[in-house]
$ cat target_31.cif   # mmCIF, C-alpha atoms and all ligand atoms
data_entry
loop_
_atom_site.label_atom_id
_atom_site.label_comp_id
_atom_site.auth_asym_id
_atom_site.auth_seq_id
_atom_site.Cartn_x
_atom_site.Cartn_y
_atom_site.Cartn_z
CA MET J 941 102.48 183.78 182.08
CA THR J 942 101.11 182.90 185.51
CA THR J 943 99.09 179.79 186.32
CA ALA J 944 96.53 179.20 189.03
CA THR J 945 97.95 177.22 191.96
CA PRO J 946 96.29 173.82 192.60
CA VAL J 947 94.50 175.17 195.69
CA ASP J 948 93.24 178.23 193.78
CA PHE J 949 92.17 176.00 190.94
CA ASP J 950 90.10 173.68 193.14
CA ALA J 951 88.33 176.70 194.62
CA LEU J 952 87.73 178.15 191.16
CA ARG J 953 86.37 174.86 189.85
CA ALA J 954 83.97 174.68 192.81
CA GLU J 955 82.91 178.29 192.13
CA VAL J 956 82.21 177.54 188.46
CA ARG J 957 80.21 174.41 189.31
CA GLU J 958 78.18 176.38 191.83
CA TYR J 959 77.61 179.18 189.32
CA VAL J 960 76.48 176.81 186.56
CA GLU J 961 74.05 174.96 188.83
CA ASN J 962 72.48 178.12 190.30
CA GLU J 963 72.86 181.45 188.45
CA GLY J 964 73.45 179.55 185.19
CA GLU J 965 70.10 177.75 185.46
CA ARG J 966 68.31 181.02 186.26
CA TRP J 967 69.82 182.65 183.15
CA ALA J 968 68.87 179.56 181.11
CA GLU J 969 65.21 179.89 182.09
CA LEU J 970 65.19 183.59 181.18
CA ILE J 971 66.95 183.03 177.83
CA GLU J 972 64.56 180.23 176.84
CA ARG J 973 61.54 182.31 177.86
CA GLU J 974 62.61 185.52 176.13
CA HIS J 975 64.77 184.12 173.30
CA ARG J 976 67.45 186.68 174.02
CA VAL J 977 70.73 186.84 175.92
CA PRO J 978 70.76 189.99 178.11
CA LEU J 979 74.01 191.95 177.99
CA GLU J 980 73.93 191.74 181.82
CA LEU J 981 74.93 188.07 181.46
CA TRP J 982 78.06 189.11 179.55
CA ASP J 983 78.81 191.69 182.28
CA GLU J 984 78.31 189.16 185.06
CA LEU J 985 80.61 186.60 183.40
CA ARG J 986 83.21 189.31 182.78
CA ASP J 987 83.05 190.67 186.33
CA ARG J 988 83.55 187.18 187.76
CA GLY J 989 86.66 186.82 185.57
CA PHE J 990 85.19 183.92 183.55
CA LEU J 991 85.89 185.56 180.16
CA ARG J 992 89.65 185.97 180.61
CA LEU J 993 90.63 182.59 182.01
CA ALA J 994 92.65 181.41 179.01
CA ALA J 995 94.33 184.63 177.88
CA PRO J 996 97.96 185.30 178.90
CA ALA J 997 98.63 187.43 181.98
CA ASP J 998 100.50 189.97 179.80
CA TYR J 999 97.20 190.74 178.10
CA GLY J 1000 95.26 190.95 181.37
CA GLY J 1001 94.12 187.32 181.38
CA ALA J 1002 94.41 184.70 184.13
CA GLY J 1003 97.11 182.92 182.11
CA MET J 1004 95.63 179.54 182.88
CA GLN J 1005 97.18 176.40 181.41
CA PHE J 1006 95.09 175.23 178.41
CA THR J 1007 94.21 171.83 179.90
CA ARG J 1008 93.11 173.44 183.18
CA TYR J 1009 90.96 175.98 181.34
CA LEU J 1010 89.28 173.09 179.53
CA GLU J 1011 88.33 171.50 182.85
CA LEU J 1012 86.37 174.68 183.60
CA LEU J 1013 84.95 174.93 180.07
CA GLU J 1014 83.59 171.39 180.47
CA LEU J 1015 81.59 172.63 183.49
CA PHE J 1016 80.32 175.76 181.69
CA SER J 1017 79.12 173.51 178.86
CA MET J 1018 76.69 171.78 181.20
CA SER J 1019 74.81 175.07 181.25
CA HIS J 1020 72.72 176.83 178.57
CA ALA J 1021 74.39 176.76 175.13
CA SER J 1022 74.40 180.55 174.89
CA LEU J 1023 76.30 180.85 178.17
CA ARG J 1024 78.74 178.19 176.97
CA MET J 1025 79.10 180.09 173.69
CA ILE J 1026 80.00 183.36 175.45
CA VAL J 1027 82.66 181.66 177.60
CA HIS J 1028 84.07 179.67 174.67
CA VAL J 1029 84.27 182.57 172.19
CA ALA J 1030 85.49 185.23 174.66
CA ASN J 1031 88.24 182.95 175.96
CA GLY J 1032 89.34 181.98 172.45
CA ILE J 1033 89.06 184.98 170.13
CA TRP J 1034 92.35 186.53 171.30
CA ARG J 1035 94.24 183.57 169.76
CA PRO J 1036 93.70 184.25 166.04
CA MET J 1037 94.28 187.96 166.61
CA ASP J 1038 97.44 187.34 168.59
CA SER J 1039 99.12 185.03 166.11
CA HIS J 1040 100.00 187.88 163.67
CA ALA J 1041 99.30 191.08 165.64
CA ASN J 1042 101.72 193.97 166.11
CA ASP J 1043 102.03 195.90 169.40
CA ASP J 1044 99.65 198.63 168.28
CA GLN J 1045 96.96 196.02 167.42
CA ARG J 1046 97.54 194.23 170.72
CA ALA J 1047 96.88 197.52 172.55
CA ARG J 1048 93.86 198.51 170.45
CA PHE J 1049 92.12 195.15 170.02
CA ILE J 1050 93.48 192.22 172.05
CA LYS J 1051 93.82 193.79 175.51
CA PRO J 1052 90.38 195.49 175.34
CA ALA J 1053 88.85 192.17 174.14
CA VAL J 1054 90.43 190.26 177.06
CA ALA J 1055 89.25 192.97 179.48
CA GLY J 1056 85.71 192.60 178.12
CA GLU J 1057 85.65 196.22 176.89
CA ILE J 1058 85.00 195.19 173.29
CA LYS J 1059 83.33 192.11 171.78
CA VAL J 1060 84.81 190.51 168.68
CA ALA J 1061 83.05 188.00 166.38
CA PHE J 1062 84.94 185.47 164.25
CA THR J 1063 83.59 186.15 160.77
CA LEU J 1064 84.48 183.51 158.20
CA THR J 1065 81.42 181.66 156.85
CA GLU J 1066 79.82 182.91 153.62
CA PRO J 1067 76.48 182.06 152.03
CA GLY J 1068 78.04 181.80 148.58
CA ALA J 1069 81.25 179.86 149.32
CA GLY J 1070 82.86 177.09 151.35
CA SER J 1071 84.74 178.01 154.55
CA GLY J 1072 88.50 178.50 154.01
CA ALA J 1073 90.35 179.22 150.79
CA ASP J 1074 87.02 179.49 148.92
CA ILE J 1075 86.44 182.98 150.46
CA ARG J 1076 84.60 185.35 148.08
CA CYS J 1077 84.45 188.52 150.22
CA SER J 1078 87.00 190.85 148.64
CA VAL J 1079 88.91 194.07 149.24
CA VAL J 1080 90.25 196.74 146.93
CA ARG J 1081 93.06 198.91 148.30
CA GLU J 1082 93.05 202.67 147.74
CA GLY J 1083 95.92 204.35 149.63
CA ASP J 1084 95.78 203.37 153.31
CA THR J 1085 92.25 202.04 153.11
CA TYR J 1086 90.71 198.76 151.96
CA TYR J 1087 87.15 198.77 150.63
CA LEU J 1088 85.45 195.53 151.61
CA SER J 1089 82.56 193.97 149.67
CA GLY J 1090 80.74 190.65 150.00
CA GLU J 1091 78.57 188.67 152.40
CA LYS J 1092 78.96 186.65 155.61
CA HIS J 1093 76.36 184.70 157.60
CA LEU J 1094 75.78 182.47 160.67
CA ILE J 1095 78.18 184.72 162.63
CA THR J 1096 77.86 184.17 166.38
CA PHE J 1097 77.52 187.50 168.26
CA GLY J 1098 77.68 189.15 164.82
CA THR J 1099 75.16 191.89 165.61
CA ILE J 1100 76.18 192.68 169.20
CA ALA J 1101 79.93 192.54 168.55
CA ASP J 1102 81.90 195.78 168.30
CA TYR J 1103 84.25 194.28 165.72
CA LEU J 1104 84.03 191.52 163.16
CA MET J 1105 87.32 189.70 162.67
CA THR J 1106 86.67 189.27 158.98
CA PHE J 1107 88.40 187.09 156.41
CA ALA J 1108 88.45 188.30 152.82
CA ARG J 1109 90.76 188.34 149.80
CA VAL J 1110 92.38 190.98 147.61
CA GLN J 1111 90.11 191.21 144.60
CA GLY J 1112 91.30 189.02 141.72
CA THR J 1113 93.39 186.59 143.82
CA ARG J 1114 92.74 182.84 144.12
CA GLY J 1115 93.24 180.10 146.70
CA THR J 1116 95.02 181.23 149.85
CA ASP J 1117 96.91 183.95 147.91
CA GLY J 1118 95.78 187.45 148.73
CA THR J 1119 93.61 186.41 151.72
CA VAL J 1120 93.48 188.92 154.58
CA ALA J 1121 92.30 189.07 158.21
CA LEU J 1122 90.76 192.43 159.07
CA MET J 1123 89.20 194.09 162.10
CA VAL J 1124 85.98 195.62 160.81
CA PRO J 1125 83.60 197.75 162.95
CA SER J 1126 80.39 195.72 162.99
CA HIS J 1127 77.99 198.56 162.21
CA GLY J 1128 80.25 200.93 160.27
CA GLU J 1129 79.83 202.69 156.93
CA GLY J 1130 78.89 200.36 154.03
CA ILE J 1131 77.76 197.55 156.37
CA ASP J 1132 74.26 196.08 156.61
CA ASN J 1133 74.31 193.79 159.66
CA ARG J 1134 71.10 191.93 160.59
CA GLU J 1135 70.20 189.26 163.07
CA MET J 1136 69.25 185.81 161.74
CA ALA J 1137 66.60 184.80 164.26
CA GLY J 1138 64.95 181.44 164.83
CA THR J 1139 67.58 178.77 165.53
CA MET J 1140 66.73 175.22 166.67
CA GLY J 1141 68.94 175.54 169.77
CA VAL J 1142 71.52 177.94 171.24
CA ARG J 1143 68.53 180.25 171.68
CA GLY J 1144 69.14 183.88 172.46
CA THR J 1145 72.60 184.05 170.90
CA ASP J 1146 72.50 186.49 168.01
CA HIS J 1147 73.84 185.34 164.66
CA GLY J 1148 74.65 187.97 162.08
CA HIS J 1149 74.01 188.09 158.34
CA ILE J 1150 76.30 190.83 157.14
CA VAL J 1151 76.53 192.52 153.75
CA PHE J 1152 79.59 194.68 153.04
CA ASP J 1153 79.28 197.24 150.26
CA ARG J 1154 82.61 199.03 149.86
CA ALA J 1155 82.98 199.21 153.66
CA PRO J 1156 86.17 201.20 154.44
CA VAL J 1157 88.75 199.43 156.66
CA PRO J 1158 92.15 200.99 157.50
CA VAL J 1159 95.06 198.90 156.19
CA ALA J 1160 96.51 199.30 159.72
CA ASP J 1161 93.66 197.06 160.96
CA ARG J 1162 94.89 194.05 158.95
CA PHE J 1163 96.57 191.28 160.95
CA GLY J 1164 99.67 189.85 159.29
CA GLU J 1165 100.32 190.26 155.58
CA GLU J 1166 98.22 189.91 152.45
CA GLY J 1167 98.19 186.15 151.77
CA GLN J 1168 98.05 185.15 155.46
CA GLY J 1169 94.27 185.45 156.01
CA VAL J 1170 93.45 181.75 155.71
CA GLU J 1171 96.50 180.80 157.78
CA ILE J 1172 95.31 183.14 160.55
CA ALA J 1173 91.76 181.78 160.37
CA LEU J 1174 92.62 178.11 160.25
CA SER J 1175 96.08 177.28 161.53
CA GLY J 1176 96.69 179.31 164.68
CA PHE J 1177 93.16 179.21 165.93
CA LEU J 1178 91.31 176.13 164.85
CA GLY J 1179 93.54 173.61 166.69
CA PRO J 1180 92.84 174.89 170.23
CA SER J 1181 89.40 176.04 169.20
CA ARG J 1182 88.40 172.59 167.91
CA ILE J 1183 89.74 170.98 171.08
CA SER J 1184 87.77 173.51 173.13
CA LEU J 1185 84.63 172.77 171.14
CA ALA J 1186 85.21 169.03 171.62
CA THR J 1187 85.43 169.71 175.37
CA THR J 1188 82.07 171.46 175.27
CA CYS J 1189 80.61 168.29 173.68
CA VAL J 1190 81.92 166.26 176.63
CA GLY J 1191 80.42 168.73 179.13
CA LEU J 1192 76.99 168.78 177.51
CA ALA J 1193 76.96 164.97 177.12
CA GLN J 1194 77.74 164.68 180.84
CA ARG J 1195 74.70 166.87 181.55
CA ALA J 1196 72.54 164.63 179.34
CA LEU J 1197 73.83 161.48 181.05
CA ASP J 1198 73.24 162.98 184.53
CA LEU J 1199 69.66 163.87 183.58
CA ALA J 1200 69.04 160.35 182.21
CA LEU J 1201 70.53 158.67 185.30
CA ASP J 1202 68.37 160.78 187.57
CA TYR J 1203 65.19 160.17 185.57
CA ALA J 1204 65.79 156.41 185.28
CA GLN J 1205 66.03 156.13 189.05
CA ARG J 1206 62.78 158.04 189.57
CA ARG J 1207 60.51 156.71 186.82
CA GLU J 1208 58.61 153.55 187.67
CA THR J 1209 56.76 151.32 185.19
CA PHE J 1210 55.17 147.92 185.78
CA GLY J 1211 56.13 148.15 189.47
CA LYS J 1212 59.87 148.75 189.02
CA LYS J 1213 62.21 151.69 188.45
CA ILE J 1214 63.23 151.72 184.79
CA ALA J 1215 66.89 151.85 186.02
CA GLU J 1216 66.38 148.26 187.20
CA ARG J 1217 65.55 147.10 183.66
CA GLN J 1218 68.61 145.75 181.92
CA ALA J 1219 67.64 147.42 178.63
CA ILE J 1220 67.84 150.86 180.28
CA ALA J 1221 70.84 150.09 182.53
CA PHE J 1222 72.84 148.81 179.54
CA LYS J 1223 71.93 151.87 177.49
CA LEU J 1224 73.19 154.11 180.31
CA ALA J 1225 76.36 152.02 180.60
CA GLU J 1226 77.01 152.39 176.86
CA MET J 1227 76.41 156.15 177.01
CA ALA J 1228 78.85 156.50 179.94
CA THR J 1229 81.49 154.48 178.06
CA ASP J 1230 81.06 156.52 174.88
CA LEU J 1231 81.39 159.72 176.91
CA GLU J 1232 84.50 158.58 178.76
CA ALA J 1233 86.18 157.52 175.49
CA ALA J 1234 85.52 161.00 174.07
CA ARG J 1235 86.79 162.69 177.24
CA ARG J 1236 90.08 160.75 177.04
CA LEU J 1237 90.52 161.51 173.34
CA VAL J 1238 89.87 165.21 173.93
CA ARG J 1239 92.29 165.35 176.86
CA HIS J 1240 94.93 163.59 174.75
CA ALA J 1241 94.49 166.21 171.98
CA ALA J 1242 94.63 169.01 174.57
CA SER J 1243 97.84 167.80 176.21
CA THR J 1244 99.46 167.13 172.81
CA TRP J 1245 98.65 170.70 171.76
CA GLU J 1246 99.81 172.08 175.11
CA GLN J 1247 103.15 170.29 174.88
CA THR J 1248 103.90 170.75 171.18
CA GLY J 1249 101.76 173.68 170.00
CA HIS J 1250 100.73 171.53 167.04
CA ALA J 1251 97.96 168.90 166.96
CA PRO J 1252 95.78 169.34 163.87
CA MET J 1253 95.01 165.64 163.45
CA GLU J 1254 94.39 165.06 167.17
CA ALA J 1255 92.16 168.16 167.29
CA ALA J 1256 90.14 167.01 164.27
CA MET J 1257 89.77 163.49 165.72
CA ALA J 1258 88.66 164.90 169.07
CA LYS J 1259 86.10 167.22 167.46
CA LEU J 1260 84.80 164.48 165.13
CA PHE J 1261 84.41 161.80 167.80
CA ALA J 1262 83.14 164.07 170.59
CA SER J 1263 80.47 165.80 168.48
CA GLU J 1264 79.13 162.48 167.19
CA MET J 1265 79.29 161.02 170.72
CA LEU J 1266 77.24 164.01 171.91
CA GLN J 1267 74.59 163.20 169.32
CA ARG J 1268 74.41 159.54 170.43
CA VAL J 1269 74.36 160.37 174.14
CA THR J 1270 71.73 163.12 173.93
CA ASP J 1271 69.56 160.89 171.74
CA GLY J 1272 69.91 158.04 174.25
CA ALA J 1273 69.16 160.37 177.15
CA LEU J 1274 65.99 161.63 175.47
CA GLN J 1275 64.91 158.01 174.83
CA VAL J 1276 65.35 157.17 178.53
CA HIS J 1277 63.03 160.07 179.40
CA GLY J 1278 60.22 158.61 177.26
CA GLY J 1279 57.65 160.90 175.62
CA LEU J 1280 57.81 163.44 178.43
CA GLY J 1281 61.39 164.22 177.40
CA TYR J 1282 60.07 165.69 174.17
CA TRP J 1283 58.31 168.49 176.07
CA GLU J 1284 59.89 171.84 176.87
CA THR J 1285 59.18 171.21 180.55
CA SER J 1286 61.93 168.53 180.58
CA PRO J 1287 65.52 169.88 180.74
CA ILE J 1288 66.66 167.18 178.29
CA GLU J 1289 64.57 168.81 175.52
CA ARG J 1290 66.82 171.89 175.43
CA VAL J 1291 70.01 169.87 175.87
CA TYR J 1292 69.03 167.76 172.83
CA ARG J 1293 68.37 170.84 170.66
CA ASP J 1294 71.50 172.67 171.82
CA ALA J 1295 73.69 169.64 171.13
CA ARG J 1296 72.86 169.54 167.42
CA ALA J 1297 74.62 172.85 166.76
CA GLN J 1298 77.92 171.47 167.93
CA ARG J 1299 78.23 169.25 164.87
CA PHE J 1300 78.54 172.41 162.75
CA GLU J 1301 80.64 174.69 164.93
CA GLU J 1302 84.41 174.72 164.21
CA GLY J 1303 83.86 172.54 161.13
CA THR J 1304 81.55 169.66 160.24
CA ALA J 1305 82.39 165.95 160.49
CA GLU J 1306 83.15 165.91 156.76
CA ILE J 1307 85.72 168.69 157.16
CA GLN J 1308 87.32 166.97 160.20
CA LYS J 1309 87.61 163.74 158.18
CA THR J 1310 89.23 165.65 155.33
CA THR J 1311 91.85 167.01 157.77
CA ILE J 1312 92.48 163.56 159.30
CA ALA J 1313 92.77 161.86 155.90
CA ARG J 1314 95.18 164.54 154.63
CA ASP J 1315 97.45 163.92 157.62
CA LEU J 1316 97.21 160.15 157.21
CA PHE J 1317 98.37 160.33 153.60
CA LYS J 1318 101.15 162.78 154.51
CA ARG J 1319 102.53 160.30 157.04
C1 LIG V 1 75.36 177.63 165.95
C2 LIG V 1 76.34 178.01 164.89
C3 LIG V 1 77.26 179.01 165.13
C4 LIG V 1 78.17 179.39 164.14
N1 LIG V 1 79.04 180.43 164.39
C5 LIG V 1 79.89 180.83 163.42
C6 LIG V 1 80.78 181.95 163.62
O1 LIG V 1 80.81 182.54 164.69
N2 LIG V 1 81.60 182.33 162.62
C7 LIG V 1 81.63 181.70 161.42
O2 LIG V 1 82.41 182.09 160.56
N3 LIG V 1 80.80 180.63 161.17
C8 LIG V 1 79.94 180.19 162.15
N4 LIG V 1 79.09 179.14 161.92
C9 LIG V 1 79.11 178.49 160.64
C10 LIG V 1 79.77 177.12 160.68
O3 LIG V 1 81.16 177.24 160.88
C11 LIG V 1 79.41 176.43 159.35
O4 LIG V 1 78.01 176.18 159.39
C12 LIG V 1 80.16 175.16 159.11
O5 LIG V 1 81.55 175.39 158.98
C13 LIG V 1 79.66 174.51 157.80
O6 LIG V 1 79.71 175.42 156.75
P1 LIG V 1 78.40 175.74 155.90
O7 LIG V 1 77.26 175.99 156.84
O8 LIG V 1 78.73 176.78 154.92
O9 LIG V 1 78.06 174.36 155.20
P2 LIG V 1 78.42 173.95 153.71
O10 LIG V 1 79.86 174.27 153.45
O11 LIG V 1 77.38 174.50 152.82
O12 LIG V 1 78.28 172.37 153.80
C14 LIG V 1 77.04 171.65 153.61
C15 LIG V 1 77.35 170.18 153.81
O13 LIG V 1 78.31 169.76 152.82
C16 LIG V 1 79.50 169.28 153.45
N5 LIG V 1 80.66 169.77 152.70
C17 LIG V 1 80.95 171.06 152.36
N6 LIG V 1 82.12 171.12 151.70
C18 LIG V 1 82.58 169.86 151.62
C19 LIG V 1 83.76 169.26 151.07
N7 LIG V 1 84.70 169.99 150.48
N8 LIG V 1 83.90 167.91 151.18
C20 LIG V 1 82.95 167.15 151.79
N9 LIG V 1 81.82 167.66 152.34
C21 LIG V 1 81.65 168.99 152.26
C22 LIG V 1 79.47 169.86 154.85
O14 LIG V 1 80.19 169.08 155.79
C23 LIG V 1 77.97 169.88 155.17
O15 LIG V 1 77.55 168.62 155.61
C24 LIG V 1 78.17 178.72 162.90
C25 LIG V 1 77.26 177.68 162.67
C26 LIG V 1 76.36 177.32 163.65
C27 LIG V 1 75.39 176.19 163.39
#

$ encode --input "target_31.cif" --output "structure tokens" --more "lines below"
Ligand SMILES: Cc1cc2nc3c(=O)[nH]c(=O)nc-3n(C[C@H](O)[C@H](O)[C@H](O)COP(=O)(O)OP(=O)(O)OC[C@H]3O[C@@H](n4cnc5c(N)ncnc54)[C@H](O)[C@@H]3O)c2cc1C
Amino acid sequence: MTTATPVDFDALRAEVREYVENEGERWAELIEREHRVPLELWDELRDRGFLRLAAPADYGGAGMQFTRYLELLELFSMSHASLRMIVHVANGIWRPMDSHANDDQRARFIKPAVAGEIKVAFTLTEPGAGSGADIRCSVVREGDTYYLSGEKHLITFGTIADYLMTFARVQGTRGTDGTVALMVPSHGEGIDNREMAGTMGVRGTDHGHIVFDRAPVPVADRFGEEGQGVEIALSGFLGPSRISLATTCVGLAQRALDLALDYAQRRETFGKKIAERQAIAFKLAEMATDLEAARRLVRHAASTWEQTGHAPMEAAMAKLFASEMLQRVTDGALQVHGGLGYWETSPIERVYRDARAQRFEEGTAEIQKTTIARDLFKR
């Protein structure tokens, strides 16, 4: 695995910042106007090498150290949520596949995904069940083929993806027993895959509602063994993924704080800039402190995971605190903008809407607390 040298990294960080502030803003305007993410944005991000930063060099990635990658992800997160989502998912989806893949699967799925030749959507959530061992989607095996039935929804990039990394269970099993992780072609036989339009934020990103009706999937496209599906979905992936998501909360909160600082120094009422009013200055000071506390917690979780490969409690704490911090900071930033901030013409309006999604992604606060409490009692 190679790592970027410090000099290379500084140049790359400057390039990402420049991209986010210029091209990124132009894409954001187009996405908000048209409510769609053009595939050209994916191509541009891929061609600049931004979608293979975190993957190992052996798979064609840049092999960047996790904590360094997160420094870049924090910058991408200051951009439109759909752009952040592409960078976050593309740089992370190889992990759950890799944890239990064989060489043939690495060649057919992981390397093409890292190269940006195929798109893969993480397909876990179901309308009729809780996420995790409650999975209801099921497979029946006939020879070398599974037949998959059931329903998934809220799946990011679900309709544009080439493959759905789908979690299901062998029919008749319970709990984690019999759960499987499968690579399913997103528009294959027996699959009705439709876009769920009309989100509050993260506009333009497609989210799939997918119904499987005896969809055939080769047994060779199963990662790991029967019984390892939940482990693949939750253990190998969710630690780094939650820490990554927590990083995106820090990045977006920084954007909100920057917007509020700028506005407070421009807006004048009763003959003074509102930044000179203690009520506003203290609010901004509290927001900056909240943000810095989250940043430190997230970096602690990231370095713990980097050093030990295991940080479920730290990851859950980072995700919990950072996503709730993001809510407080974006709310405070909107308040500083006054009524004008509520209008689409103010950049804070989109930041506020986009931020709300991050309390659901990679598990809600309630689920993070369940993980933390379980670890506390274990200790
Ligand atoms: C923008 C966006 C993108 C997403 N992308 C994807 C994706 O790519 N792939 C994917 O698989 N999913 C995706 N999701 C789904 C997301 O992971 C889920 O929304 C989230 O995990 C919550 O699950 P749920 O919506 O089924 O809520 P529910 O499980 O129905 O929960 C409803 C409420 O009850 C609480 N709750 C549920 N169970 C418990 C419990 N046992 N104890 C205490 N409280 C509980 C929850 O915290 C929540 O507050 C996405 C969601 C959003 C908003």

$ residues_near_point --input "target_31.cif" --point "(73.7, 177.4, 170.2)" --cutoff "9 Å" --atoms "all atoms listed in the file" --output "list in words"
His1020, Ala1021, Ser1022, Arg1024, Met1025, Thr1096, Thr1139, Met1140, Gly1141, Val1142, Arg1143, Gly1144, Thr1145, Arg1293, Asp1294, Ala1295, Arg1296, Ala1297 and Gln1298 of chain J

$ closest_residue --input "target_31.cif" --among "J:Ile1150, J:Ala1273, J:Ile1050, J:Glu1135" --to "J:Thr1063" --atoms "only C-alpha atoms"
J:Ile1150

$ residues_near_ligand --input "target_31.cif" --ligand "ligand LIG 1 (chain V)" --cutoff "10 Å" --atoms "all atoms listed in the file" --output "JSON, numbers by chain"
{"J": [1021, 1022, 1025, 1029, 1060, 1061, 1062, 1063, 1064, 1065, 1066, 1067, 1068, 1069, 1070, 1071, 1072, 1074, 1092, 1093, 1094, 1095, 1096, 1097, 1098, 1104, 1105, 1106, 1107, 1139, 1140, 1141, 1142, 1143, 1145, 1146, 1147, 1148, 1173, 1294, 1295, 1296, 1297, 1298, 1299, 1300, 1301, 1302, 1303, 1304, 1305, 1306, 1307, 1308, 1309, 1310]}

$ atom_distance --input "target_31.cif" --atom1 "atom CA of J:His1250" --atom2 "atom CA of J:Ile1183"
11.7 Å

$ closest_residue --input "target_31.cif" --among "J:Ala1221, J:Glu1232, J:Ala1196, J:Asp1202" --to "J:Asp1271" --atoms "only C-alpha atoms"
J:Ala1196

$ closest_residue --input "target_31.cif" --among "J:Arg1235, J:His1240, J:Lys1213, J:Arg973" --to "J:Thr1188" --atoms "all atoms listed in the file"
J:Arg1235

$ residues_around --input "target_31.cif" --residues "stretch 955-965 of chain J" --least-positions-apart "3" --cutoff "10 Å" --atoms "only C-alpha atoms" --output "ChimeraX atom specification"
/J:949-952,968-971,981,985,988,990,1012-1020,1023-1024

$ atom_distance --input "target_31.cif" --atom1 "atom CA of J:Cys1189" --atom2 "atom CA of J:Gln1218"
26.8 Å

$ closest_residue --input "target_31.cif" --among "J:Leu1010, J:Val1157, J:Val1190, J:Val1276" --to "J:Glu1264" --atoms "all atoms listed in the file"
J:Val1190

$ atom_distance --input "target_31.cif" --atom1 "atom CA of J:Arg1206" --atom2 "atom CA of J:Ala1233"
27.3 Å

$ closest_residue --input "target_31.cif" --among "J:Arg1008, J:Lys1318, J:Arg976, J:Arg1268" --to "J:Leu993" --atoms "all atoms listed in the file"
J:Arg1008

$ residues_around --input "target_31.cif" --residues "J:Lys1259" --least-positions-apart "5" --cutoff "7 Å" --atoms "only C-alpha atoms" --output "MDAnalysis selection string"
chainID J and resid 1182:1183 1185:1186

$ closest_residue --input "target_31.cif" --among "J:Arg1217, J:Arg1236, J:Lys1212, J:Lys1059" --to "J:Ala1101" --atoms "only C-alpha atoms"
J:Lys1059

$ residues_around --input "target_31.cif" --residues "J:Tyr1203" --least-positions-apart "5" --cutoff "9 Å" --atoms "all atoms listed in the file" --output "number ranges by chain"
J: 1198, 1214-1215, 1276-1277

$ write_last_selection --input "target_31.cif" --atoms "C-alpha atoms" --output "compact mmCIF listing (two decimals), keeping the file's coordinate frame"
# COMPACT_ATOMS: atom_id res chain seq x y z
CA ASP J 1198 73.24 162.98 184.53
CA ILE J 1214 63.23 151.72 184.79
CA ALA J 1215 66.89 151.85 186.02
CA VAL J 1276 65.35 157.17 178.53
CA HIS J 1277 63.03 160.07 179.40
